[in-house]
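Presented below is the structure to which this report refers.
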Amino acid sequence: MNTAIILAGGVGSRMGVDRPKQYLVVKDKPIIVYCLEIFENHKSIDNIVIVVSDEWKDYVEENVNKYGIKKVCGYAPAGETRQHSIYNGLKATDRNAPDTEVCIVHDAARPLVSDKIISDCITGAVEDDGAMPVITVKDTVYQSKDGKSIDKLLKRSELFAGQAPESFKFKEYFDIHNSVSDEEIASTAGSSEIAYRHGMNIRLVEGSERNFKITTIEDLETFETIINS
């Protein structure tokens with residue numbers, strides 16, 4: 001059984017708009033619904049858990065019902081950090097879909113993820129311990145501690161930018177979160193980071209430039225152009 005944990009608790013402060021980006025409406029439909037429909041229609045996804053702040057839960061439930069998202073089996077409260085939100089989603093998965101073998105964590109603000117990426121992530125979690133889509137880094141990257149001078153040249157061919165969704169063997173990933181300190185969860189920047197630190201083998205799968213996260217007005221405009229075309 002595979003459960004998707006959809007993170008919809010972000011506040012979207014960089015957008016400078018009146019609501020979190022995942023709840024902005026594009027072509028008469030909230031961005032989160034575009035994301036949910038992809039997982040709803042994917043044949044290998046059995047359940048969906050949505051992580052959402054209390055103030056937006058009624059709005060999300062209303063749209064889940066309006067657009068016929070039938071796989072939602074539970075909700076979880078947003079946490080102080082992204083990884084705390086993931087942990088809350090894991091706990092809701094354990095309560096509402098305890099037979100889950102693979103959990104797949106995705107951002108509601110990435111509404112153009114492909115079926116292939118989802119499938120590849122599930123396969124990666126089954127055959128290894130987890131999987132993460134990545135894209136190659138096109139620009140030369142430099143390391144600088146002060147942002148003023150170069151400290152180190154990095155080999156571009158060995159650098160990859162991580163995307164979502166990230167998938168994991170559910171029990172192992174949940175057990176890690178149950179065993180570590182709150183400080184470690186708070187300091188975790190990416191979903192796969194904590195899994196890698198604790199010995200899980202994370203497979204890299206091919207991501208896509210189209211699978212971008214809406215974080216700026218320019219991203220929103222790009223999404224609107226794609227949807228309208």
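Residue names in the structure tokens use chain letters A, B, ... in the order shown, residue numbers from 1 in each chain, and ligand numbers from 1 in the order shown.
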
Just want the 12 Å neighbourhood of Glu55 of chain A, counted on only C-alpha atoms, with same-chain residues fewer than 5 positions away dropped. Output as a short mmCIF file (atom, residue, chain, number, x, y, z; two decimals) with C-alpha atoms, in the first residue's frame.
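Output saved as out.cif:
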data_model
loop_
_atom_site.label_atom_id
_atom_site.label_comp_id
_atom_site.auth_asym_id
_atom_site.auth_seq_id
_atom_site.Cartn_x
_atom_site.Cartn_y
_atom_site.Cartn_z
CA ALA A 8 0.02 22.17 2.31
CA GLY A 9 0.97 24.00 5.50
CA GLY A 10 3.38 26.57 4.06
CA VAL A 11 2.58 30.26 4.36
CA ARG A 19 -2.92 33.62 0.93
CA PRO A 20 -0.47 30.71 0.80
CA VAL A 60 -9.08 22.21 1.83
CA GLU A 61 -11.86 19.82 2.90
CA PRO A 77 -1.64 19.71 11.42
CA ALA A 78 1.18 21.78 9.98
#

Report as an MDAnalysis selection string: the residues of segment 70-224 of chain A with a DSSP assignment of helix (DSSP H, G or I), based on the backbone of this structure.
-> chainID A and resid 82:96 115:127 156:158 170:179 182:187 191:197 217:224

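Atom CA of Val134 of chain A sits 5.6 Å away from atom CA of Glu206 of chain A.
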
Given the choices A:Ser167, A:Asn96, A:Asn2, A:Asn88, which gets closest to Met200 of chain A if the distance is worked out from only C-alpha atoms?
->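 For Met200 of chain A, the nearest of the candidates is A:Ser167.
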
Among listed residues A:Asn63, A:Ser181, A:Thr222, A:Ser114, nearest Pro133 of chain A (using only C-alpha atoms) = A:Ser114

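Counting only C-alpha atoms, segment 38-45 of chain A has the following residues at most 8 Å away, ignoring those fewer than 5 positions along the same chain: Met1, Asn2, Thr3, Ala4, Ile69, Lys70, Lys71, Val113, Ser114, Asp115 and Ser119 of chain A.
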
Nearby residues (only C-alpha atoms) at most 8 Å from segment 153-157 of chain A, same-chain spacing under 3 positions excluded, as a list in words = Thr136, Val137, Lys138, Asp139, Thr140, Val141, Tyr142, Gln143 and Ile150 of chain A

DSSP strand (DSSP E or B) residues within segment 9-147 of chain A, as a ChimeraX atom specification | /A:25-26,29-30,47-52,72-77,102-107,130-136,142-143

Any chance you can output those residues with N, CA and C atoms as a PDB file, in the first residue's frame?
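File produced: again-v6.pdb:
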ATOM      1  N   VAL A  25      -5.882  30.600  -6.801  1.00  0.00           N
ATOM      2  CA  VAL A  25      -6.769  30.009  -7.804  1.00  0.00           C
ATOM      3  C   VAL A  25      -6.252  30.326  -9.199  1.00  0.00           C
ATOM      4  N   VAL A  26      -6.070  29.287 -10.003  1.00  0.00           N
ATOM      5  CA  VAL A  26      -5.644  29.422 -11.397  1.00  0.00           C
ATOM      6  C   VAL A  26      -6.681  28.730 -12.266  1.00  0.00           C
ATOM      7  N   LYS A  29      -9.491  27.071 -10.287  1.00  0.00           N
ATOM      8  CA  LYS A  29      -9.205  25.912  -9.452  1.00  0.00           C
ATOM      9  C   LYS A  29      -7.982  26.206  -8.564  1.00  0.00           C
ATOM     10  N   PRO A  30      -8.053  25.917  -7.263  1.00  0.00           N
ATOM     11  CA  PRO A  30      -6.897  26.130  -6.390  1.00  0.00           C
ATOM     12  C   PRO A  30      -5.710  25.258  -6.821  1.00  0.00           C
ATOM     13  N   ASN A  47      -3.702   5.919  -0.828  1.00  0.00           N
ATOM     14  CA  ASN A  47      -4.230   6.857   0.160  1.00  0.00           C
ATOM     15  C   ASN A  47      -3.523   8.202   0.035  1.00  0.00           C
ATOM     16  N   ILE A  48      -4.192   9.239   0.511  1.00  0.00           N
ATOM     17  CA  ILE A  48      -3.606  10.575   0.571  1.00  0.00           C
ATOM     18  C   ILE A  48      -3.834  11.143   1.976  1.00  0.00           C
ATOM     19  N   VAL A  49      -2.772  11.646   2.571  1.00  0.00           N
ATOM     20  CA  VAL A  49      -2.845  12.386   3.828  1.00  0.00           C
ATOM     21  C   VAL A  49      -2.439  13.823   3.519  1.00  0.00           C
ATOM     22  N   ILE A  50      -3.227  14.779   3.976  1.00  0.00           N
ATOM     23  CA  ILE A  50      -2.940  16.193   3.713  1.00  0.00           C
ATOM     24  C   ILE A  50      -2.521  16.874   5.010  1.00  0.00           C
ATOM     25  N   VAL A  51      -1.370  17.517   4.958  1.00  0.00           N
ATOM     26  CA  VAL A  51      -0.880  18.298   6.100  1.00  0.00           C
ATOM     27  C   VAL A  51      -1.269  19.751   5.857  1.00  0.00           C
ATOM     28  N   VAL A  52      -2.061  20.315   6.765  1.00  0.00           N
ATOM     29  CA  VAL A  52      -2.640  21.635   6.528  1.00  0.00           C
ATOM     30  C   VAL A  52      -2.788  22.385   7.852  1.00  0.00           C
ATOM     31  N   VAL A  72      -8.343  10.637   0.013  1.00  0.00           N
ATOM     32  CA  VAL A  72      -7.915  11.273   1.261  1.00  0.00           C
ATOM     33  C   VAL A  72      -8.416  10.451   2.444  1.00  0.00           C
ATOM     34  N   CYS A  73      -7.465  10.001   3.270  1.00  0.00           N
ATOM     35  CA  CYS A  73      -7.841   9.172   4.422  1.00  0.00           C
ATOM     36  C   CYS A  73      -7.611   9.883   5.742  1.00  0.00           C
ATOM     37  N   GLY A  74      -7.004  11.073   5.688  1.00  0.00           N
ATOM     38  CA  GLY A  74      -6.766  11.788   6.931  1.00  0.00           C
ATOM     39  C   GLY A  74      -6.071  13.113   6.713  1.00  0.00           C
ATOM     40  N   TYR A  75      -6.064  13.902   7.782  1.00  0.00           N
ATOM     41  CA  TYR A  75      -5.408  15.204   7.781  1.00  0.00           C
ATOM     42  C   TYR A  75      -4.453  15.266   8.964  1.00  0.00           C
ATOM     43  N   ALA A  76      -3.438  16.116   8.823  1.00  0.00           N
ATOM     44  CA  ALA A  76      -2.487  16.315   9.912  1.00  0.00           C
ATOM     45  C   ALA A  76      -2.208  17.804  10.037  1.00  0.00           C
ATOM     46  N   PRO A  77      -1.921  18.278  11.239  1.00  0.00           N
ATOM     47  CA  PRO A  77      -1.640  19.706  11.420  1.00  0.00           C
ATOM     48  C   PRO A  77      -0.254  20.073  10.898  1.00  0.00           C
ATOM     49  N   VAL A 102       4.981   2.133   1.459  1.00  0.00           N
ATOM     50  CA  VAL A 102       5.763   3.246   0.921  1.00  0.00           C
ATOM     51  C   VAL A 102       4.993   4.535   1.149  1.00  0.00           C
ATOM     52  N   CYS A 103       5.665   5.525   1.729  1.00  0.00           N
ATOM     53  CA  CYS A 103       5.091   6.868   1.811  1.00  0.00           C
ATOM     54  C   CYS A 103       5.829   7.753   0.816  1.00  0.00           C
ATOM     55  N   ILE A 104       5.098   8.635   0.194  1.00  0.00           N
ATOM     56  CA  ILE A 104       5.679   9.516  -0.818  1.00  0.00           C
ATOM     57  C   ILE A 104       5.289  10.951  -0.470  1.00  0.00           C
ATOM     58  N   VAL A 105       6.279  11.774  -0.168  1.00  0.00           N
ATOM     59  CA  VAL A 105       6.073  13.116   0.362  1.00  0.00           C
ATOM     60  C   VAL A 105       6.174  14.142  -0.763  1.00  0.00           C
ATOM     61  N   HIS A 106       5.141  14.971  -0.880  1.00  0.00           N
ATOM     62  CA  HIS A 106       5.119  15.942  -1.977  1.00  0.00           C
ATOM     63  C   HIS A 106       4.586  17.283  -1.494  1.00  0.00           C
ATOM     64  N   ASP A 107       5.030  18.337  -2.164  1.00  0.00           N
ATOM     65  CA  ASP A 107       4.571  19.694  -1.856  1.00  0.00           C
ATOM     66  C   ASP A 107       3.343  20.040  -2.684  1.00  0.00           C
ATOM     67  N   GLY A 130      14.449   4.335  -0.556  1.00  0.00           N
ATOM     68  CA  GLY A 130      13.742   5.562  -0.879  1.00  0.00           C
ATOM     69  C   GLY A 130      14.217   6.090  -2.213  1.00  0.00           C
ATOM     70  N   ALA A 131      13.602   7.173  -2.654  1.00  0.00           N
ATOM     71  CA  ALA A 131      13.984   7.759  -3.939  1.00  0.00           C
ATOM     72  C   ALA A 131      13.662   9.242  -3.942  1.00  0.00           C
ATOM     73  N   MET A 132      14.440   9.979  -4.748  1.00  0.00           N
ATOM     74  CA  MET A 132      14.250  11.417  -4.876  1.00  0.00           C
ATOM     75  C   MET A 132      14.522  11.833  -6.313  1.00  0.00           C
ATOM     76  N   PRO A 133      13.608  12.577  -6.946  1.00  0.00           N
ATOM     77  CA  PRO A 133      13.878  13.065  -8.300  1.00  0.00           C
ATOM     78  C   PRO A 133      14.875  14.220  -8.253  1.00  0.00           C
ATOM     79  N   VAL A 134      15.760  14.236  -9.210  1.00  0.00           N
ATOM     80  CA  VAL A 134      16.766  15.306  -9.273  1.00  0.00           C
ATOM     81  C   VAL A 134      16.905  15.788 -10.712  1.00  0.00           C
ATOM     82  N   ILE A 135      17.404  17.006 -10.842  1.00  0.00           N
ATOM     83  CA  ILE A 135      17.766  17.532 -12.155  1.00  0.00           C
ATOM     84  C   ILE A 135      19.215  17.996 -12.089  1.00  0.00           C
ATOM     85  N   THR A 136      19.867  17.992 -13.237  1.00  0.00           N
ATOM     86  CA  THR A 136      21.265  18.398 -13.277  1.00  0.00           C
ATOM     87  C   THR A 136      21.386  19.906 -13.071  1.00  0.00           C
ATOM     88  N   TYR A 142      29.701  27.835  -7.199  1.00  0.00           N
ATOM     89  CA  TYR A 142      30.848  28.144  -6.361  1.00  0.00           C
ATOM     90  C   TYR A 142      30.434  28.105  -4.897  1.00  0.00           C
ATOM     91  N   GLN A 143      31.360  27.698  -4.035  1.00  0.00           N
ATOM     92  CA  GLN A 143      31.103  27.725  -2.603  1.00  0.00           C
ATOM     93  C   GLN A 143      31.775  28.945  -1.995  1.00  0.00           C
TER      94      GLN A 143
END

At what distance in Å, to one decimal, does atom CA of Lys171 of chain A lie from atom CA of Gln83 of chain A?
->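 Spanning atom CA of Gln83 of chain A to atom CA of Lys171 of chain A is a straight-line distance of 16.5 Å.
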
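Atom CA of Leu7 of chain A lies 16.5 Å from atom CA of Tyr173 of chain A.
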
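For the set A:Ser179, A:Tyr67, A:Lys213, A:Ile227, the residue with the smallest atom-to-atom gap to Lys21 of chain A is A:Lys213, counting only C-alpha atoms.
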
Polymer residues at most 8 Å from Phe212 of chain A, only C-alpha atoms, same-chain spacing of 4 or more positions, as a PyMOL selection string | chain A and resi 110+112+163+208+219

Restricting the calculation to only C-alpha atoms, which member of A:Ile226, A:His177, A:Glu158, A:Ala92 is positioned closest to Glu193 of chain A?
->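 Ranking A:Ile226, A:His177, A:Glu158, A:Ala92 by distance to Glu193 of chain A, first place goes to A:His177.
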